[in-house]
Structures are given as structure tokens and as C-alpha cells.
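See structure below.
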Amino acid sequence: MYSPFSPERRLRLLFLIGGLFASVATAFAAPTTVLPFGMETWKELGQSSSRPLVVVFSTTDCGHCPAVIDSLAQEMRKSPAKARLTVVVMDGAGQEKLLRADRHYRHADFLYAFDGDGMALRFKVNPEWRGLTPYVALIPVTGAPRFHTGAPPPDVVRGFLRH
């Protein structure tokens, strides 16, 4: 006998509604704008930190960057630290629509694109940075940022998120 309220139908309906809410939540969490990363942006990011901040510097052609962004976002979601994730796309100027559509950048709380001379901007962030990506800065609420070329070791990320 057919029942519109069978347990199987209810379960399917719940999964459908849950999936819909998950996709809507992801869409709303995604940055709606790509901000310019200029000469003063790095200093502003460090000064406005009332919560830990993870900054991933990326390029559109970086093969390792998406996995690093995904991994950091996943670790941050599991942490009670309420850290923020910022992604800076070094070659993203003029590609704002493409960047907003990229699923990896949707993890970011803020999305920036370099605005100006790339070498000067990298030097402003860290004079020792030679432009390799992904380049990750872990910025605590107090203290100096710690920089990593490539993915920071998982224990370093977890330790950072605990403090």
C-alpha cells in the first residue's frame, strides 16, 4: 500500500532539504566581492585581527593551492578558534567573476586580488618570500605571523588554532 508519509519518503525528503540548505549556506558563505590587495592591506589585516587569521597567497595556475585552501578550511571548521580565512590571488586582478565562481575560494571569509606591483606587494608581506605559492601566513591575535611555503604541517595548524 502506498503512503505519502512512509519512513522512506520522509528520509528522502529530509536528505533533499538538508542538501538544499547545505548548498544555500555555501553560497551565502562565499565572498561576494574581490577586494584589492594594495600596499597597505597587509598592515590592515594584521591590525584588525581580533581572531586568528590564516592568509593563503595563491595564483590561478597554482596546482597545489586548491588542496591547501580546502585542507585549511576543513581544519578551521573543526576548530573552536573562530579563525578567519583570507585568500589572496596574486594574478587575480580583472578576473573577479572567475574568482568568485571558483569553489575553492568559496571557503574564504575574504577574497583579495593583488592590486599593484606584485614584487613590491610580496616584499611588503615578507621580504624573504620569493613568490612561490601557496604561501601561507598564520597570524595570531597577538604576536608575529608565521609563514609557510606550501601547506603548513597539520600539527602546526592545529597548534595555531588552539591558541
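Just so we're on the same page: first chain in the C-alpha cells is A, next is B, and so on; residues restart at 1 for each chain, and ligands are numbered from 1 in the order they show up.
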### Message
With only C-alpha atoms as the counted atoms, please give the residues lying no more than 12 Å from Pro31 (chain A), apart from itself and same-chain residues fewer than 3 positions off, as JSON, numbers by chain.
### Response
{"A": [26, 27, 28, 34, 35, 85, 86, 87, 96, 97, 99, 100, 101, 102, 103, 104, 105, 106, 107, 108, 109, 110, 111, 112]}
### Query
Which residues come within 12 Å of Ser79 (chain A), counting only C-alpha atoms, excluding same-chain residues fewer than 2 positions away, as a ChimeraX atom specification?
/A:52,72-77,81-84,157-163
### Message
Based on the backbone DSSP call, show me all residues of chain A assigned strand (DSSP E or B), as a PyMOL selection string.
### Response
chain A and resi 34-37+53-58+84-89+110-114+135-139+146-149
### Task
Write out as a ChimeraX atom specification the residues lying within 9 Å of region 39-44 of chain A, counting only C-alpha atoms and excluding same-chain residues fewer than 5 positions away.
/A:49,115-116,120-121,124-125
Keeping only N, CA and C atoms, write the selected residues to a file as a JSON list (two decimals), in the first residue's frame.
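Saved file selection-v6.json follows:
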```
[["chain", "number", "residue", "atom", "x", "y", "z"],
["A", 49, "SER", "N", 43.00, 42.15, 13.52],
["A", 49, "SER", "CA", 42.81, 40.77, 13.93],
["A", 49, "SER", "C", 42.37, 40.63, 15.38],
["A", 115, "ASP", "N", 46.72, 44.23, -6.24],
["A", 115, "ASP", "CA", 46.43, 45.48, -6.92],
["A", 115, "ASP", "C", 47.70, 46.32, -6.90],
["A", 116, "GLY", "N", 48.53, 46.13, -7.91],
["A", 116, "GLY", "CA", 49.79, 46.86, -7.97],
["A", 116, "GLY", "C", 50.94, 45.94, -8.34],
["A", 120, "ALA", "N", 56.63, 44.19, -5.27],
["A", 120, "ALA", "CA", 56.58, 45.12, -4.14],
["A", 120, "ALA", "C", 55.58, 44.64, -3.09],
["A", 121, "LEU", "N", 54.44, 44.10, -3.53],
["A", 121, "LEU", "CA", 53.45, 43.60, -2.58],
["A", 121, "LEU", "C", 53.97, 42.39, -1.82],
["A", 124, "LYS", "N", 56.34, 43.55, 0.77],
["A", 124, "LYS", "CA", 55.64, 44.17, 1.89],
["A", 124, "LYS", "C", 55.13, 43.11, 2.87],
["A", 125, "VAL", "N", 54.67, 41.98, 2.34],
["A", 125, "VAL", "CA", 54.18, 40.89, 3.19],
["A", 125, "VAL", "C", 55.34, 40.26, 3.95]]
```
### Message
Would you pick out the contacts of Val56 (chain A) at 10 Å or less, using only C-alpha atoms, so that residues sharing its chain but fewer than 4 positions from it are not included, and give the list as a PyMOL selection string?
### Response
chain A and resi 65+68-69+72+85-89+108+111+133-138+147-151
